[in-house]
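Just below is one structure, and these are the notes that go with it.
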Amino acid sequence: MNTQETPQYELKDIKVSLKLKLAALWASFMFLYIYVDYFHLFMPGALEDLLADKVFVFEITQTFLLVVLAAVTIPALMIFLSVALPAKVNRWVNIIVAVVYIPFTLFNLAGEAWMHMVFGAVVEVFLLCLIILYAWKWPRMEM
């Protein structure tokens with residue numbers, strides 16, 4: 001009979017920088033942001049509206065598409081900016097952009113909101129609140 005004991009291990013908790021946490025939160029936000037819009041295409045009438053140059057109550061024009069692209073570009077850039085910006089600027093940019101995107105995210109529920117849209121919005125707002133919380137509690141150094 002083999003009485004060899006199995007060694008016990010404890011997992012080491014690896015510290016991740018705040019900047020990487022913020023970048024990961026923005027990346028998670030972007031995945032949801034894009035997928036909620038993508039899944040919207042499967043809703044009845046969505047493709048017909050697109051073919052009729054209409055999104056919700058908006059006419060699809062070059063200006064509309066530019067505004068939509070700008071709206072997607074800002075959180076996409078936040079993935080990089082959260083890592084690249086210096087702490088003081090980084091903190092405020094994360095707080096301001098996240099605060100602005102909360103009502104923006106909720107506006108996407110206007111009109112006919114299906115369960116997948118509500119679920120996505122709840123998770124997106126939760127991620128934005130985490131961004132605000134992490135950025136608000138940014139560690140400080142004594143001078």
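Chains: A, B, ... in order of the structure tokens. Residues: from 1 per chain. Ligands: from 1, in order shown.
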Strand (DSSP E or B) call set, DSSP backbone run, region 16-60 of chain A, as a list in words: Lys54, Val55, Phe58 and Glu59 of chain A
All alpha helix (DSSP H) residues (DSSP, backbone) inside chain A, as a PyMOL selection string: chain A and resi 18-40+46-51+62-84+87-107+115-136
Resulting file, chosen residues, C-alpha atoms, as a short mmCIF file (atom, residue, chain, number, x, y, z; two decimals), in the first residue's frame:
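Saved the output as again18.cif:
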data_model
loop_
_atom_site.label_atom_id
_atom_site.label_comp_id
_atom_site.auth_asym_id
_atom_site.auth_seq_id
_atom_site.Cartn_x
_atom_site.Cartn_y
_atom_site.Cartn_z
CA LEU A 18 -5.21 48.96 -11.98
CA LYS A 19 -4.53 50.10 -15.54
CA LEU A 20 -4.87 46.52 -16.83
CA LYS A 21 -8.08 46.02 -14.83
CA LEU A 22 -9.55 49.15 -16.41
CA ALA A 23 -8.47 48.05 -19.89
CA ALA A 24 -10.05 44.62 -19.31
CA LEU A 25 -13.28 46.22 -18.13
CA TRP A 26 -13.41 48.42 -21.25
CA ALA A 27 -12.70 45.38 -23.44
CA SER A 28 -15.54 43.47 -21.75
CA PHE A 29 -17.82 46.48 -22.22
CA MET A 30 -16.91 46.63 -25.93
CA PHE A 31 -17.69 42.95 -26.51
CA LEU A 32 -21.14 43.36 -24.99
CA TYR A 33 -21.70 46.68 -26.74
CA ILE A 34 -20.99 45.16 -30.14
CA TYR A 35 -22.79 41.86 -29.56
CA VAL A 36 -26.01 43.50 -28.32
CA ASP A 37 -26.08 45.52 -31.56
CA TYR A 38 -25.24 42.42 -33.60
CA PHE A 39 -28.00 40.33 -31.98
CA HIS A 40 -30.42 43.18 -32.66
CA ALA A 46 -34.50 44.86 -38.13
CA LEU A 47 -33.12 43.94 -41.54
CA GLU A 48 -36.13 45.44 -43.30
CA ASP A 49 -35.54 48.71 -41.41
CA LEU A 50 -31.87 48.67 -42.41
CA LEU A 51 -32.81 48.10 -46.05
CA GLN A 62 -23.20 59.46 -43.65
CA THR A 63 -23.56 61.72 -40.61
CA PHE A 64 -25.50 59.06 -38.68
CA LEU A 65 -22.86 56.42 -39.45
CA LEU A 66 -20.06 58.80 -38.46
CA VAL A 67 -21.77 59.53 -35.12
CA VAL A 68 -22.32 55.81 -34.49
CA LEU A 69 -18.69 55.03 -35.33
CA ALA A 70 -17.51 57.82 -33.01
CA ALA A 71 -19.74 56.39 -30.26
CA VAL A 72 -18.08 52.99 -30.67
CA THR A 73 -14.57 54.42 -31.11
CA ILE A 74 -14.46 56.17 -27.73
CA PRO A 75 -14.82 53.07 -25.50
CA ALA A 76 -12.64 51.10 -27.92
CA LEU A 77 -9.87 53.68 -27.46
CA MET A 78 -10.38 53.52 -23.70
CA ILE A 79 -8.89 50.02 -23.76
CA PHE A 80 -5.57 51.52 -24.89
CA LEU A 81 -5.89 54.84 -23.06
CA SER A 82 -6.46 53.07 -19.72
CA VAL A 83 -3.02 51.54 -20.07
CA ALA A 84 -1.20 54.46 -21.72
CA ALA A 87 -2.50 58.25 -13.59
CA LYS A 88 -4.03 61.67 -12.92
CA VAL A 89 -5.44 62.06 -16.46
CA ASN A 90 -6.30 58.37 -16.67
CA ARG A 91 -8.42 58.52 -13.54
CA TRP A 92 -10.57 61.42 -14.74
CA VAL A 93 -10.88 60.23 -18.33
CA ASN A 94 -12.13 56.83 -17.13
CA ILE A 95 -14.62 58.40 -14.73
CA ILE A 96 -15.95 60.94 -17.25
CA VAL A 97 -16.26 58.54 -20.19
CA ALA A 98 -17.93 55.85 -18.04
CA VAL A 99 -20.40 58.37 -16.58
CA VAL A 100 -21.28 59.61 -20.10
CA TYR A 101 -21.80 56.05 -21.38
CA ILE A 102 -24.28 55.03 -18.67
CA PRO A 103 -27.18 57.14 -20.05
CA PHE A 104 -25.97 56.38 -23.59
CA THR A 105 -26.24 52.66 -22.84
CA LEU A 106 -29.70 53.07 -21.32
CA PHE A 107 -30.88 55.12 -24.33
CA MET A 115 -34.62 40.65 -22.90
CA HIS A 116 -31.17 40.28 -24.47
CA MET A 117 -30.95 44.08 -24.76
CA VAL A 118 -31.99 44.62 -21.14
CA PHE A 119 -29.55 41.96 -19.94
CA GLY A 120 -26.75 43.51 -22.01
CA ALA A 121 -27.54 47.01 -20.73
CA VAL A 122 -27.56 45.83 -17.10
CA VAL A 123 -24.17 44.15 -17.49
CA GLU A 124 -22.76 47.12 -19.44
CA VAL A 125 -23.90 49.57 -16.73
CA PHE A 126 -22.43 47.27 -14.08
CA LEU A 127 -19.07 47.27 -15.92
CA LEU A 128 -19.19 51.06 -16.28
CA CYS A 129 -19.90 51.40 -12.54
CA LEU A 130 -16.90 49.16 -11.81
CA ILE A 131 -14.77 51.40 -14.03
CA ILE A 132 -15.96 54.46 -12.12
CA LEU A 133 -15.35 52.75 -8.77
CA TYR A 134 -11.84 51.53 -9.66
CA ALA A 135 -10.87 54.90 -11.12
CA TRP A 136 -12.40 56.81 -8.17
#
Between CA of Trp114 (chain A) and CA of Leu41 (chain A) - distance in Å to one decimal: 12.0 Å
